[in-house]
>>> print(open('entry_15.pdb').read())   # PDB, C-alpha atoms
ATOM      1  CA  GLN A   1     -19.909  75.251 129.215  1.00  0.00           C
ATOM      2  CA  VAL A   2     -21.241  74.627 125.731  1.00  0.00           C
ATOM      3  CA  GLN A   3     -19.977  71.682 123.694  1.00  0.00           C
ATOM      4  CA  PRO A   4     -17.094  72.631 121.377  1.00  0.00           C
ATOM      5  CA  VAL A   5     -17.750  72.353 117.646  1.00  0.00           C
ATOM      6  CA  GLU A   6     -15.465  70.295 115.430  1.00  0.00           C
ATOM      7  CA  SER A   7     -15.109  70.283 111.667  1.00  0.00           C
ATOM      8  CA  GLY A   8     -12.775  69.088 108.936  1.00  0.00           C
ATOM      9  CA  GLY A   9     -13.017  65.318 108.893  1.00  0.00           C
ATOM     10  CA  GLY A  10     -13.446  63.279 105.745  1.00  0.00           C
ATOM     11  CA  LEU A  11     -11.987  60.687 103.415  1.00  0.00           C
ATOM     12  CA  VAL A  12      -8.358  61.000 102.337  1.00  0.00           C
ATOM     13  CA  GLN A  13      -5.888  58.707 100.602  1.00  0.00           C
ATOM     14  CA  PRO A  14      -2.812  57.377 102.401  1.00  0.00           C
ATOM     15  CA  GLY A  15      -0.101  60.012 102.397  1.00  0.00           C
ATOM     16  CA  GLY A  16      -2.633  62.819 102.180  1.00  0.00           C
ATOM     17  CA  SER A  17      -3.446  65.671 104.556  1.00  0.00           C
ATOM     18  CA  LEU A  18      -6.432  66.991 106.482  1.00  0.00           C
ATOM     19  CA  ARG A  19      -6.942  69.832 108.936  1.00  0.00           C
ATOM     20  CA  LEU A  20      -9.388  69.563 111.786  1.00  0.00           C
ATOM     21  CA  SER A  21     -10.819  72.565 113.620  1.00  0.00           C
ATOM     22  CA  CYS A  22     -12.405  72.900 117.045  1.00  0.00           C
ATOM     23  CA  LYS A  23     -14.162  76.049 118.223  1.00  0.00           C
ATOM     24  CA  ALA A  24     -14.517  76.417 121.996  1.00  0.00           C
ATOM     25  CA  SER A  25     -17.320  78.410 123.591  1.00  0.00           C
ATOM     26  CA  LEU A  26     -15.058  79.934 126.268  1.00  0.00           C
ATOM     27  CA  SER A  27     -12.718  82.895 126.309  1.00  0.00           C
ATOM     28  CA  ILE A  28      -9.016  82.089 126.398  1.00  0.00           C
ATOM     29  CA  TRP A  29      -8.871  83.104 130.080  1.00  0.00           C
ATOM     30  CA  ARG A  30     -11.252  80.294 131.008  1.00  0.00           C
ATOM     31  CA  ILE A  31      -9.414  77.608 129.033  1.00  0.00           C
ATOM     32  CA  ASN A  32      -6.785  75.464 130.719  1.00  0.00           C
ATOM     33  CA  THR A  33      -6.013  72.891 128.043  1.00  0.00           C
ATOM     34  CA  MET A  34      -7.409  71.884 124.658  1.00  0.00           C
ATOM     35  CA  GLY A  35      -6.737  68.581 123.004  1.00  0.00           C
ATOM     36  CA  TRP A  36      -7.491  66.073 120.301  1.00  0.00           C
ATOM     37  CA  TYR A  37      -8.286  62.456 121.019  1.00  0.00           C
ATOM     38  CA  ARG A  38      -9.316  59.668 118.681  1.00  0.00           C
ATOM     39  CA  GLN A  39     -11.163  56.389 118.854  1.00  0.00           C
ATOM     40  CA  ALA A  40     -10.771  53.719 116.204  1.00  0.00           C
ATOM     41  CA  PRO A  41     -13.355  50.944 115.788  1.00  0.00           C
ATOM     42  CA  GLY A  42     -13.014  48.390 118.549  1.00  0.00           C
ATOM     43  CA  LYS A  43     -10.396  50.411 120.408  1.00  0.00           C
ATOM     44  CA  GLU A  44     -10.341  52.760 123.367  1.00  0.00           C
ATOM     45  CA  ARG A  45     -10.132  56.510 123.003  1.00  0.00           C
ATOM     46  CA  GLU A  46      -6.522  57.696 122.940  1.00  0.00           C
ATOM     47  CA  LEU A  47      -4.646  60.953 123.191  1.00  0.00           C
ATOM     48  CA  VAL A  48      -3.468  62.511 119.929  1.00  0.00           C
ATOM     49  CA  ALA A  49      -2.207  65.935 121.013  1.00  0.00           C
ATOM     50  CA  THR A  50      -2.808  68.658 123.567  1.00  0.00           C
ATOM     51  CA  ILE A  51      -2.046  72.362 123.858  1.00  0.00           C
ATOM     52  CA  THR A  52      -2.112  74.407 127.034  1.00  0.00           C
ATOM     53  CA  ARG A  53      -3.194  78.030 127.424  1.00  0.00           C
ATOM     54  CA  GLY A  54       0.487  78.886 127.550  1.00  0.00           C
ATOM     55  CA  GLY A  55       1.055  77.162 124.228  1.00  0.00           C
ATOM     56  CA  ASN A  56       2.862  74.050 125.428  1.00  0.00           C
ATOM     57  CA  THR A  57       2.145  71.052 123.224  1.00  0.00           C
ATOM     58  CA  ASN A  58       2.228  67.305 123.714  1.00  0.00           C
ATOM     59  CA  TYR A  59       1.891  64.557 121.110  1.00  0.00           C
ATOM     60  CA  ALA A  60       1.335  60.824 121.037  1.00  0.00           C
ATOM     61  CA  ASP A  61       4.409  59.039 119.740  1.00  0.00           C
ATOM     62  CA  SER A  62       2.403  57.633 116.841  1.00  0.00           C
ATOM     63  CA  VAL A  63       1.745  61.102 115.379  1.00  0.00           C
ATOM     64  CA  LYS A  64       4.947  62.988 116.209  1.00  0.00           C
ATOM     65  CA  GLY A  65       6.446  64.584 113.128  1.00  0.00           C
ATOM     66  CA  ARG A  66       3.226  64.151 111.137  1.00  0.00           C
ATOM     67  CA  PHE A  67       0.559  66.046 113.103  1.00  0.00           C
ATOM     68  CA  THR A  68       0.697  69.619 114.385  1.00  0.00           C
ATOM     69  CA  ILE A  69      -1.641  71.125 116.979  1.00  0.00           C
ATOM     70  CA  SER A  70      -2.123  74.886 117.040  1.00  0.00           C
ATOM     71  CA  ARG A  71      -4.545  77.674 117.977  1.00  0.00           C
ATOM     72  CA  ASP A  72      -5.755  80.919 116.435  1.00  0.00           C
ATOM     73  CA  ASN A  73      -4.698  84.274 117.884  1.00  0.00           C
ATOM     74  CA  ALA A  74      -7.770  84.456 120.102  1.00  0.00           C
ATOM     75  CA  GLY A  75      -6.843  81.096 121.586  1.00  0.00           C
ATOM     76  CA  THR A  76     -10.339  79.704 121.262  1.00  0.00           C
ATOM     77  CA  THR A  77     -10.108  77.791 117.987  1.00  0.00           C
ATOM     78  CA  MET A  78      -7.787  74.820 117.891  1.00  0.00           C
ATOM     79  CA  TYR A  79      -6.474  73.063 114.808  1.00  0.00           C
ATOM     80  CA  LEU A  80      -4.927  69.706 114.054  1.00  0.00           C
ATOM     81  CA  GLN A  81      -2.929  69.627 110.847  1.00  0.00           C
ATOM     82  CA  MET A  82      -2.523  65.994 109.847  1.00  0.00           C
ATOM     83  CA  ASN A  83       0.059  65.131 107.187  1.00  0.00           C
ATOM     84  CA  SER A  84       1.350  61.834 105.820  1.00  0.00           C
ATOM     85  CA  LEU A  85      -1.839  60.130 106.920  1.00  0.00           C
ATOM     86  CA  LYS A  86      -1.869  56.376 107.318  1.00  0.00           C
ATOM     87  CA  PRO A  87      -4.756  53.888 107.307  1.00  0.00           C
ATOM     88  CA  GLU A  88      -4.171  53.376 111.029  1.00  0.00           C
ATOM     89  CA  ASP A  89      -5.056  57.041 111.609  1.00  0.00           C
ATOM     90  CA  THR A  90      -8.641  56.193 110.692  1.00  0.00           C
ATOM     91  CA  ALA A  91     -10.824  57.053 113.675  1.00  0.00           C
ATOM     92  CA  VAL A  92     -13.380  59.427 115.092  1.00  0.00           C
ATOM     93  CA  TYR A  93     -11.465  62.462 116.312  1.00  0.00           C
ATOM     94  CA  TYR A  94     -12.767  64.281 119.376  1.00  0.00           C
ATOM     95  CA  CYS A  95     -11.991  67.757 120.619  1.00  0.00           C
ATOM     96  CA  SER A  96     -11.576  68.258 124.364  1.00  0.00           C
ATOM     97  CA  VAL A  97     -11.702  71.557 126.231  1.00  0.00           C
ATOM     98  CA  ARG A  98     -10.747  71.658 129.907  1.00  0.00           C
ATOM     99  CA  ASN A  99     -11.568  74.902 131.690  1.00  0.00           C
ATOM    100  CA  THR A 100      -9.934  76.541 134.704  1.00  0.00           C
ATOM    101  CA  ASP A 101     -12.411  74.766 137.018  1.00  0.00           C
ATOM    102  CA  ASN A 102     -10.998  71.488 135.652  1.00  0.00           C
ATOM    103  CA  LEU A 103     -14.281  70.693 133.893  1.00  0.00           C
ATOM    104  CA  GLU A 104     -13.742  68.867 130.599  1.00  0.00           C
ATOM    105  CA  VAL A 105     -16.202  69.055 127.734  1.00  0.00           C
ATOM    106  CA  TRP A 106     -16.054  66.962 124.575  1.00  0.00           C
ATOM    107  CA  GLY A 107     -17.075  67.707 121.037  1.00  0.00           C
ATOM    108  CA  GLN A 108     -19.364  65.442 119.048  1.00  0.00           C
ATOM    109  CA  GLY A 109     -16.510  63.927 117.056  1.00  0.00           C
ATOM    110  CA  THR A 110     -15.543  64.047 113.409  1.00  0.00           C
ATOM    111  CA  LEU A 111     -14.710  60.979 111.321  1.00  0.00           C
ATOM    112  CA  VAL A 112     -11.372  60.709 109.541  1.00  0.00           C
ATOM    113  CA  THR A 113     -11.031  57.848 107.078  1.00  0.00           C
ATOM    114  CA  VAL A 114      -7.687  57.112 105.431  1.00  0.00           C
ATOM    115  CA  SER A 115      -8.164  54.711 102.571  1.00  0.00           C
ATOM    116  CA  SER A 116      -7.312  54.255  98.927  1.00  0.00           C
TER     117      SER A 116
END
>>> encode(input="entry_15.pdb", output="structure tokens")
Amino acid sequence: QVQPVESGGGLVQPGGSLRLSCKASLSIWRINTMGWYRQAPGKERELVATITRGGNTNYADSVKGRFTISRDNAGTTMYLQMNSLKPEDTAVYYCSVRNTDNLEVWGQGTLVTVSS
């Protein structure tokens, strides 16, 4: 399984928005779950949101109501729409793809910086 490819990070002011993308190398039939995780400086990696092949979503409490996870029609590109960003959202955001053999592959990460 090839590493998924992320894009969309950058610098944004507090209250602003960004959309992250993650392109998986598998067909939808080989994907079990896709997700976004983040790691802030000096902290452990944490769950942001996940979406199953069936479309069920799960969010960390800290992002509920502000972030939305979704997929394209093919089910192989995942998005994270981030609104009302806060300085504490600053982190490297990682894409995760877990296949039907329960093998998880991570993207290289994309940096999101929320600062005025």
>>> atom_distance(input="entry_15.pdb", atom1="CA of Pro14 (chain A)", atom2="CA of Thr68 (chain A)")
17.5 Å
>>> resolve_selection(input="entry_15.pdb", expression="the PyMOL selection byres ((chain A and resi 25-42) around 6)", output="list in words")
Val2, Ala24, Lys43, Glu44, Arg45, Glu46, Leu47, Val48, Ala49, Thr50, Ile51, Thr52, Arg53, Gly75, Thr76, Ala91, Val92, Tyr93, Tyr94, Cys95, Ser96, Val97, Arg98, Asn99 and Thr100 of chain A
>>> atom_distance(input="entry_15.pdb", atom1="CA of Gly107 (chain A)", atom2="CA of Met82 (chain A)")
18.4 Å
>>> atom_distance(input="entry_15.pdb", atom1="CA of Pro4 (chain A)", atom2="CA of Asp89 (chain A)")
22.0 Å
>>> axis_aligned_box(input="entry_15.pdb", around="region 28-36 of chain A", padding_each_side="3 Å", output="AutoDock Vina command-line options")
--center_x -8.6 --center_y 74.6 --center_z 125.7 --size_x 11.2 --size_y 23.0 --size_z 16.7
>>> closest_residue(input="entry_15.pdb", among="A:Leu11, A:Leu18, A:Val5, A:Leu111", to="Leu80 (chain A)", atoms="all atoms listed in the file")
A:Leu18
>>> residues_around(input="entry_15.pdb", residues="Ser7 (chain A)", least_positions_apart="4", cutoff="8 Å", atoms="all atoms listed in the file", output="number ranges by chain")
A: 20-22, 110
>>> write_last_selection(input="entry_15.pdb", atoms="C-alpha atoms", output="mmCIF file, in the coordinates of the input")
data_model
loop_
_atom_site.group_PDB
_atom_site.id
_atom_site.type_symbol
_atom_site.label_atom_id
_atom_site.label_comp_id
_atom_site.auth_asym_id
_atom_site.auth_seq_id
_atom_site.Cartn_x
_atom_site.Cartn_y
_atom_site.Cartn_z
ATOM 1 C CA LEU A 20 -9.388 69.563 111.786
ATOM 2 C CA SER A 21 -10.819 72.565 113.620
ATOM 3 C CA CYS A 22 -12.405 72.900 117.045
ATOM 4 C CA THR A 110 -15.543 64.047 113.409
#
>>> closest_residue(input="entry_15.pdb", among="A:Arg19, A:Asn102, A:Gly9, A:Thr90", to="Ser70 (chain A)", atoms="only C-alpha atoms")
A:Arg19
>>> resolve_selection(input="entry_15.pdb", expression="the PyMOL selection byres ((chain A and resi 66) around 9)", output="NGL selection string")
:A and (62-65 or 67-68 or 81-85)
>>> closest_residue(input="entry_15.pdb", among="A:Met78, A:Asn56, A:Lys23, A:Gly16", to="Gln108 (chain A)", atoms="only C-alpha atoms")
A:Lys23
>>> closest_residue(input="entry_15.pdb", among="A:Arg71, A:Asp101, A:Gly109, A:Ala60", to="Glu6 (chain A)", atoms="all atoms listed in the file")
A:Gly109
>>> build_atoms(input="entry_15.pdb", residues="region 89-101 of chain A", atoms="N, CA, C and O atoms", output="PDB file, in the coordinates of the input")
ATOM      1  N   ASP A  89      -4.559  55.784 111.032  1.00  0.00           N
ATOM      2  CA  ASP A  89      -5.056  57.041 111.609  1.00  0.00           C
ATOM      3  C   ASP A  89      -6.583  57.135 111.510  1.00  0.00           C
ATOM      4  O   ASP A  89      -7.179  58.078 112.050  1.00  0.00           O
ATOM      5  N   THR A  90      -7.191  56.194 110.814  1.00  0.00           N
ATOM      6  CA  THR A  90      -8.641  56.193 110.692  1.00  0.00           C
ATOM      7  C   THR A  90      -9.300  56.068 112.055  1.00  0.00           C
ATOM      8  O   THR A  90      -8.997  55.155 112.831  1.00  0.00           O
ATOM      9  N   ALA A  91     -10.176  57.029 112.365  1.00  0.00           N
ATOM     10  CA  ALA A  91     -10.824  57.053 113.675  1.00  0.00           C
ATOM     11  C   ALA A  91     -11.811  58.213 113.717  1.00  0.00           C
ATOM     12  O   ALA A  91     -11.811  59.072 112.821  1.00  0.00           O
ATOM     13  N   VAL A  92     -12.605  58.236 114.768  1.00  0.00           N
ATOM     14  CA  VAL A  92     -13.380  59.427 115.092  1.00  0.00           C
ATOM     15  C   VAL A  92     -12.495  60.291 115.980  1.00  0.00           C
ATOM     16  O   VAL A  92     -11.976  59.818 117.007  1.00  0.00           O
ATOM     17  N   TYR A  93     -12.313  61.523 115.589  1.00  0.00           N
ATOM     18  CA  TYR A  93     -11.465  62.462 116.312  1.00  0.00           C
ATOM     19  C   TYR A  93     -12.344  63.386 117.150  1.00  0.00           C
ATOM     20  O   TYR A  93     -13.302  63.984 116.627  1.00  0.00           O
ATOM     21  N   TYR A  94     -11.996  63.490 118.428  1.00  0.00           N
ATOM     22  CA  TYR A  94     -12.767  64.281 119.376  1.00  0.00           C
ATOM     23  C   TYR A  94     -11.938  65.446 119.889  1.00  0.00           C
ATOM     24  O   TYR A  94     -10.749  65.295 120.219  1.00  0.00           O
ATOM     25  N   CYS A  95     -12.588  66.577 120.006  1.00  0.00           N
ATOM     26  CA  CYS A  95     -11.991  67.757 120.619  1.00  0.00           C
ATOM     27  C   CYS A  95     -12.330  67.765 122.103  1.00  0.00           C
ATOM     28  O   CYS A  95     -13.467  67.457 122.488  1.00  0.00           O
ATOM     29  N   SER A  96     -11.366  68.139 122.920  1.00  0.00           N
ATOM     30  CA  SER A  96     -11.576  68.258 124.364  1.00  0.00           C
ATOM     31  C   SER A  96     -11.177  69.658 124.816  1.00  0.00           C
ATOM     32  O   SER A  96     -10.125  70.154 124.404  1.00  0.00           O
ATOM     33  N   VAL A  97     -12.012  70.256 125.643  1.00  0.00           N
ATOM     34  CA  VAL A  97     -11.702  71.557 126.231  1.00  0.00           C
ATOM     35  C   VAL A  97     -11.829  71.425 127.750  1.00  0.00           C
ATOM     36  O   VAL A  97     -12.900  71.081 128.260  1.00  0.00           O
ATOM     37  N   ARG A  98     -10.731  71.694 128.442  1.00  0.00           N
ATOM     38  CA  ARG A  98     -10.747  71.658 129.907  1.00  0.00           C
ATOM     39  C   ARG A  98     -10.628  73.091 130.412  1.00  0.00           C
ATOM     40  O   ARG A  98      -9.676  73.796 130.052  1.00  0.00           O
ATOM     41  N   ASN A  99     -11.591  73.511 131.245  1.00  0.00           N
ATOM     42  CA  ASN A  99     -11.568  74.902 131.690  1.00  0.00           C
ATOM     43  C   ASN A  99     -10.786  75.051 132.999  1.00  0.00           C
ATOM     44  O   ASN A  99     -10.256  74.078 133.548  1.00  0.00           O
ATOM     45  N   THR A 100     -10.734  76.254 133.506  1.00  0.00           N
ATOM     46  CA  THR A 100      -9.934  76.541 134.704  1.00  0.00           C
ATOM     47  C   THR A 100     -10.547  75.977 135.974  1.00  0.00           C
ATOM     48  O   THR A 100      -9.902  75.984 137.017  1.00  0.00           O
ATOM     49  N   ASP A 101     -11.794  75.499 135.902  1.00  0.00           N
ATOM     50  CA  ASP A 101     -12.411  74.766 137.018  1.00  0.00           C
ATOM     51  C   ASP A 101     -12.189  73.267 136.885  1.00  0.00           C
ATOM     52  O   ASP A 101     -12.787  72.482 137.621  1.00  0.00           O
TER      53      ASP A 101
END
